Amino acid sequence: MKKITLLAMLLSMSIVIAIVESFIPTIVIGVKLGLANIVTLIVIYLFRIKDAISLVILRVLIVSLLLGTFLSYVFFMSLSGGIISLIVMLLMKKAKVFNIITISAIGAFSHSFGQIIIAMGLISFASIYYLPVMALLSVVAGIIIGVIANYGLRVLDSKNIYNSL
Amino acid sequence: MKKLDYIIIGSIVFALLIIILLMNILSGKESFAIVYHDGVNILEIDLGVDNEYTINGDIGEIVLEVKDGLLHVLEADCPDHTCEKIGWSNKQSRPIICVPNKIYISFVGASEVDVLIG
């Protein structure tokens with residue numbers, strides 16, 4: 001199939017995953033599993049840098065519009081976390097020495113970091129007290145997501161879905 | 001997974017655990033709470049007095065309950081009620097934050113409270 005078709009399908013999948021995940025209550029405040037990042041990782045490995053950036057921005061934008069959180073504090077926290085984690089992951093991928101699971105774990109860690117930074121600016125400096133626990137849980141989630149994304153990449157590879165890539 | 005990967009993840013997890021441990025050990029029980037709305041001090045609470053307080057946030061009202069030196073959110077007008085789930089606290093390392101209402105409650109010692117407002 002064409003690149004753009006696969007990319008569009010991956011974007012829709014990440015949107016659906018993000019929306020379904022938003023209905024799962026969080027145990028600790030603000031810590032969601034971030035399952036949509038499975039798609040982000042797949043795109044980082046299969047597509048160009050600009051495709052990954054478009055994917056993250058479009059996903060955060062569309063999900064916030066669909067959930068009615070557009071321009072809310074949640075929107076800015078997701079956007080900030082998503083972009084920072086994406087930049088970190090892209091840099092780590094470029095270095096070519098890291099395993100996908102490590103990239104995912106550090107990406108998840110950066111995501112929390114990005115969210116707390118915005119929370120400290122928009123809400124209060126006290127938000128920083130939540131960073132250590134949030135970061136720890138996000139690293140664990142990142143590892144799980146990395147494992148799933150790794151499996152997803154293998155499946156896509158074996159099915160030869162993207163001959164033209 | 002090469003050695004580098006384990007080292008990186010391992011050291012971050014280790015560092016975070018140490019930070020969490022230190023935060024819990026160093027943070028003692030405080031005697032006062034200060035409620036901020038959008039960065040402005042709107043209420044100071046003496047945790048030694050059992051009482052209920054109602055404050056106004058951006059979206060609605062929040063009812064706080066103080067009992068046995070601890071404070072928690074009894075009821076909040078917000079979409080996700082995260083602040084209610086935080087539960088009881090009186091530690092500086094565990095502030096209570098209601099993001100939609102722009103309310104944050106920090107726990108401090110007597111030296112930071114001049115006059116009780118509200």
# chains A, B, ... in the order shown; residues from 1 in each chain; ligands from 1
call {"tool": "interface_residues", "arguments": {"of": "chain B", "to": "chain A", "cutoff": "8 Å", "atoms": "only C-alpha atoms", "output": "short mmCIF file (atom, residue, chain, number, x, y, z; two decimals) with N, CA, C and O atoms, in the first residue's frame"}}
result
data_model
loop_
_atom_site.label_atom_id
_atom_site.label_comp_id
_atom_site.auth_asym_id
_atom_site.auth_seq_id
_atom_site.Cartn_x
_atom_site.Cartn_y
_atom_site.Cartn_z
N MET B 1 18.96 -6.35 23.75
CA MET B 1 19.21 -5.32 24.77
C MET B 1 20.67 -5.39 25.19
O MET B 1 21.12 -6.34 25.77
N LYS B 2 21.40 -4.35 24.82
CA LYS B 2 22.81 -4.35 25.19
C LYS B 2 22.99 -3.80 26.60
O LYS B 2 22.06 -3.32 27.23
N LEU B 4 24.42 -1.14 27.58
CA LEU B 4 24.14 0.29 27.69
C LEU B 4 22.67 0.53 28.05
O LEU B 4 22.35 1.38 28.87
N ASP B 5 21.79 -0.25 27.43
CA ASP B 5 20.37 -0.07 27.69
C ASP B 5 20.04 -0.34 29.14
O ASP B 5 19.34 0.45 29.79
N ILE B 8 21.34 2.49 31.39
CA ILE B 8 20.55 3.73 31.35
C ILE B 8 19.24 3.59 32.10
O ILE B 8 18.92 4.39 32.97
N ILE B 9 18.48 2.57 31.77
CA ILE B 9 17.19 2.40 32.44
C ILE B 9 17.41 2.16 33.92
O ILE B 9 16.73 2.76 34.78
N VAL B 13 15.91 4.52 36.97
CA VAL B 13 14.98 3.96 37.96
C VAL B 13 15.58 4.09 39.36
O VAL B 13 14.90 4.49 40.31
N LEU B 16 15.44 7.69 40.58
CA LEU B 16 14.07 8.07 40.94
C LEU B 16 13.68 7.46 42.28
O LEU B 16 13.05 8.12 43.12
N LEU B 17 14.05 6.21 42.50
CA LEU B 17 13.70 5.56 43.76
C LEU B 17 14.36 6.30 44.93
O LEU B 17 13.74 6.52 45.97
N ILE B 19 15.25 9.43 45.00
CA ILE B 19 14.57 10.72 45.18
C ILE B 19 13.27 10.54 45.94
O ILE B 19 12.95 11.29 46.87
N ILE B 20 12.50 9.53 45.55
CA ILE B 20 11.22 9.29 46.22
C ILE B 20 11.44 8.97 47.69
O ILE B 20 10.74 9.48 48.57
N ASP B 38 -4.98 30.13 41.59
CA ASP B 38 -4.27 30.83 40.52
C ASP B 38 -3.06 31.59 41.07
O ASP B 38 -2.79 32.71 40.66
N GLY B 39 -2.39 30.99 42.03
CA GLY B 39 -1.18 31.60 42.57
C GLY B 39 -1.44 32.59 43.70
O GLY B 39 -0.50 33.07 44.34
N THR B 82 -9.69 14.24 40.48
CA THR B 82 -8.37 13.71 40.82
C THR B 82 -7.96 14.13 42.22
O THR B 82 -7.37 13.37 42.96
N ILE B 86 -6.37 12.02 45.85
CA ILE B 86 -5.07 12.19 46.50
C ILE B 86 -5.19 11.80 47.97
O ILE B 86 -4.26 11.28 48.57
N SER B 93 5.68 17.35 50.72
CA SER B 93 5.97 16.62 49.49
C SER B 93 4.72 16.09 48.83
O SER B 93 4.77 15.46 47.78
N ARG B 94 3.57 16.31 49.47
CA ARG B 94 2.35 15.81 48.88
C ARG B 94 1.29 16.90 48.88
O ARG B 94 0.32 16.84 49.64
N PRO B 95 1.47 17.89 48.03
CA PRO B 95 0.48 18.96 47.97
C PRO B 95 -0.79 18.45 47.30
O PRO B 95 -0.77 17.44 46.62
N ILE B 97 -3.58 19.24 44.59
CA ILE B 97 -3.77 20.14 43.46
C ILE B 97 -5.06 19.81 42.72
O ILE B 97 -5.32 18.66 42.43
N VAL B 99 -6.31 20.78 39.27
CA VAL B 99 -5.89 21.50 38.08
C VAL B 99 -6.98 22.31 37.40
O VAL B 99 -6.77 23.47 37.10
N PRO B 100 -8.16 21.74 37.16
CA PRO B 100 -9.19 22.54 36.46
C PRO B 100 -9.60 23.78 37.25
O PRO B 100 -9.90 24.81 36.66
N LYS B 102 -7.67 25.41 39.26
CA LYS B 102 -6.45 26.17 39.54
C LYS B 102 -6.24 26.36 41.04
O LYS B 102 -5.85 27.42 41.50
N ILE B 103 -6.52 25.33 41.78
CA ILE B 103 -6.33 25.38 43.24
C ILE B 103 -5.15 24.52 43.60
O ILE B 103 -5.06 23.38 43.15
N TYR B 104 -4.26 25.07 44.45
CA TYR B 104 -3.28 24.16 44.99
C TYR B 104 -3.06 24.44 46.46
O TYR B 104 -3.07 25.58 46.90
N SER B 106 -0.72 23.84 49.71
CA SER B 106 0.59 23.40 50.16
C SER B 106 0.62 23.36 51.69
O SER B 106 -0.10 24.11 52.36
#
call {"tool": "residues_around", "arguments": {"residues": "Val73 (chain B)", "least_positions_apart": "2", "cutoff": "12 Å", "atoms": "only C-alpha atoms", "output": "ChimeraX atom specification"}}
result
/B:35,52-55,61-67,70-71,75-78,81-89,95-98,103-105
call {"tool": "closest_residue", "arguments": {"among": "A:Gly152, A:Lys159, A:Met77, A:Leu61", "to": "Val43 (chain A)", "atoms": "only C-alpha atoms"}}
result
A:Gly152
call {"tool": "atom_distance", "arguments": {"atom1": "CA of Ile38 (chain A)", "atom2": "CA of Ile116 (chain A)"}}
result
21.7 Å
call {"tool": "closest_residue", "arguments": {"among": "B:Leu22, B:Ile12, B:Asn101, B:Ala110", "to": "Tyr36 (chain B)", "atoms": "only C-alpha atoms"}}
result
B:Asn101
call {"tool": "select_by_dssp", "arguments": {"residues": "region 33-165 of chain A", "states": "helix (DSSP H, G or I)", "output": "ChimeraX atom specification"}}
result
/A:37-46,49-67,73-95,100-122,125-159
call {"tool": "write_last_selection", "arguments": {"atoms": "C-alpha atoms", "output": "mmCIF file, in the first residue's frame"}}
result
data_model
loop_
_atom_site.group_PDB
_atom_site.id
_atom_site.type_symbol
_atom_site.label_atom_id
_atom_site.label_comp_id
_atom_site.auth_asym_id
_atom_site.auth_seq_id
_atom_site.Cartn_x
_atom_site.Cartn_y
_atom_site.Cartn_z
ATOM 1 C CA ASN A 37 2.890 5.900 21.806
ATOM 2 C CA ILE A 38 3.040 2.382 20.436
ATOM 3 C CA VAL A 39 2.073 3.959 17.128
ATOM 4 C CA THR A 40 4.469 6.861 17.652
ATOM 5 C CA LEU A 41 7.337 4.412 18.040
ATOM 6 C CA ILE A 42 6.318 2.431 14.960
ATOM 7 C CA VAL A 43 6.228 5.618 12.916
ATOM 8 C CA ILE A 44 9.617 6.705 14.243
ATOM 9 C CA TYR A 45 11.086 3.451 12.995
ATOM 10 C CA LEU A 46 9.283 3.195 9.662
ATOM 11 C CA ILE A 49 11.114 12.561 11.035
ATOM 12 C CA LYS A 50 8.491 14.949 9.696
ATOM 13 C CA ASP A 51 5.946 12.127 9.545
ATOM 14 C CA ALA A 52 6.492 11.359 13.216
ATOM 15 C CA ILE A 53 6.150 15.021 14.146
ATOM 16 C CA SER A 54 2.929 15.383 12.134
ATOM 17 C CA LEU A 55 1.585 12.219 13.712
ATOM 18 C CA VAL A 56 2.081 13.407 17.280
ATOM 19 C CA ILE A 57 0.785 16.922 16.685
ATOM 20 C CA LEU A 58 -2.242 15.736 14.729
ATOM 21 C CA ARG A 59 -3.061 13.067 17.276
ATOM 22 C CA VAL A 60 -2.953 15.454 20.246
ATOM 23 C CA LEU A 61 -4.951 18.036 18.272
ATOM 24 C CA ILE A 62 -7.653 15.674 17.024
ATOM 25 C CA VAL A 63 -8.055 13.799 20.308
ATOM 26 C CA SER A 64 -8.424 17.066 22.206
ATOM 27 C CA LEU A 65 -11.016 18.299 19.716
ATOM 28 C CA LEU A 66 -12.960 15.049 19.950
ATOM 29 C CA LEU A 67 -12.807 14.905 23.735
ATOM 30 C CA TYR A 73 -4.469 22.602 30.544
ATOM 31 C CA VAL A 74 -4.626 18.881 29.600
ATOM 32 C CA PHE A 75 -4.153 19.770 25.951
ATOM 33 C CA PHE A 76 -1.028 21.820 26.629
ATOM 34 C CA MET A 77 0.376 19.184 28.946
ATOM 35 C CA SER A 78 -0.152 16.448 26.342
ATOM 36 C CA LEU A 79 1.296 18.586 23.581
ATOM 37 C CA SER A 80 4.325 19.563 25.612
ATOM 38 C CA GLY A 81 4.929 16.029 26.849
ATOM 39 C CA GLY A 82 4.377 14.550 23.406
ATOM 40 C CA ILE A 83 6.732 16.891 21.595
ATOM 41 C CA ILE A 84 9.510 16.669 24.149
ATOM 42 C CA SER A 85 9.297 12.886 24.272
ATOM 43 C CA LEU A 86 9.240 12.747 20.471
ATOM 44 C CA ILE A 87 12.367 14.887 20.149
ATOM 45 C CA VAL A 88 14.190 12.755 22.714
ATOM 46 C CA MET A 89 13.138 9.537 20.997
ATOM 47 C CA LEU A 90 14.122 10.813 17.547
ATOM 48 C CA LEU A 91 17.556 11.824 18.841
ATOM 49 C CA MET A 92 18.034 8.471 20.521
ATOM 50 C CA LYS A 93 17.012 6.644 17.355
ATOM 51 C CA LYS A 94 19.483 8.703 15.346
ATOM 52 C CA ALA A 95 22.285 7.727 17.711
ATOM 53 C CA ILE A 100 13.607 0.301 21.020
ATOM 54 C CA ILE A 101 12.589 -0.555 24.572
ATOM 55 C CA THR A 102 15.144 1.862 26.023
ATOM 56 C CA ILE A 103 13.992 4.578 23.618
ATOM 57 C CA SER A 104 10.412 3.998 24.683
ATOM 58 C CA ALA A 105 11.273 4.079 28.396
ATOM 59 C CA ILE A 106 13.279 7.291 28.113
ATOM 60 C CA GLY A 107 10.614 8.731 25.825
ATOM 61 C CA ALA A 108 7.976 8.005 28.454
ATOM 62 C CA PHE A 109 10.182 9.583 31.118
ATOM 63 C CA SER A 110 10.602 12.720 28.993
ATOM 64 C CA HIS A 111 6.867 12.802 28.417
ATOM 65 C CA SER A 112 6.236 13.063 32.165
ATOM 66 C CA PHE A 113 8.955 15.658 32.399
ATOM 67 C CA GLY A 114 7.359 17.737 29.652
ATOM 68 C CA GLN A 115 3.947 17.507 31.310
ATOM 69 C CA ILE A 116 5.215 18.555 34.727
ATOM 70 C CA ILE A 117 7.152 21.494 33.279
ATOM 71 C CA ILE A 118 3.955 22.864 31.746
ATOM 72 C CA ALA A 119 1.990 22.080 34.916
ATOM 73 C CA MET A 120 4.546 24.049 36.915
ATOM 74 C CA GLY A 121 4.066 26.997 34.611
ATOM 75 C CA LEU A 122 0.290 26.905 34.220
ATOM 76 C CA PHE A 125 5.485 25.156 41.159
ATOM 77 C CA ALA A 126 4.201 22.536 43.601
ATOM 78 C CA SER A 127 3.517 20.191 40.667
ATOM 79 C CA ILE A 128 7.157 19.192 40.766
ATOM 80 C CA TYR A 129 6.502 17.098 43.869
ATOM 81 C CA TYR A 130 4.583 14.667 41.698
ATOM 82 C CA LEU A 131 7.365 14.215 39.174
ATOM 83 C CA PRO A 132 9.391 11.398 40.795
ATOM 84 C CA VAL A 133 6.491 8.968 41.217
ATOM 85 C CA MET A 134 5.005 9.911 37.859
ATOM 86 C CA ALA A 135 8.366 9.487 36.148
ATOM 87 C CA LEU A 136 8.972 6.104 37.727
ATOM 88 C CA LEU A 137 5.588 4.753 36.652
ATOM 89 C CA SER A 138 6.053 6.198 33.190
ATOM 90 C CA VAL A 139 9.379 4.380 32.757
ATOM 91 C CA VAL A 140 7.640 1.103 33.588
ATOM 92 C CA ALA A 141 4.837 1.920 31.147
ATOM 93 C CA GLY A 142 7.443 2.912 28.564
ATOM 94 C CA ILE A 143 9.102 -0.469 28.787
ATOM 95 C CA ILE A 144 5.788 -2.266 28.226
ATOM 96 C CA ILE A 145 4.956 0.021 25.306
ATOM 97 C CA GLY A 146 8.395 -0.585 23.817
ATOM 98 C CA VAL A 147 7.855 -4.334 23.943
ATOM 99 C CA ILE A 148 4.473 -4.008 22.222
ATOM 100 C CA ALA A 149 5.818 -1.639 19.563
ATOM 101 C CA ASN A 150 8.706 -3.998 18.899
ATOM 102 C CA TYR A 151 6.232 -6.805 18.329
ATOM 103 C CA GLY A 152 4.130 -4.537 16.096
ATOM 104 C CA LEU A 153 7.146 -3.708 13.960
ATOM 105 C CA ARG A 154 7.918 -7.384 13.513
ATOM 106 C CA VAL A 155 4.344 -8.110 12.455
ATOM 107 C CA LEU A 156 4.391 -5.296 9.916
ATOM 108 C CA ASP A 157 7.720 -6.494 8.639
ATOM 109 C CA SER A 158 6.558 -10.061 8.167
ATOM 110 C CA LYS A 159 3.394 -9.037 6.359
#
call {"tool": "select_by_dssp", "arguments": {"residues": "region 53-92 of chain B", "states": "strand (DSSP E or B)", "output": "ChimeraX atom specification"}}
result
/B:53-56,61-67,70-76,89,91
call {"tool": "closest_residue", "arguments": {"among": "B:Val49, B:Val108, B:Ala15, B:Ala33", "to": "Asp68 (chain B)", "atoms": "only C-alpha atoms"}}
result
B:Val49
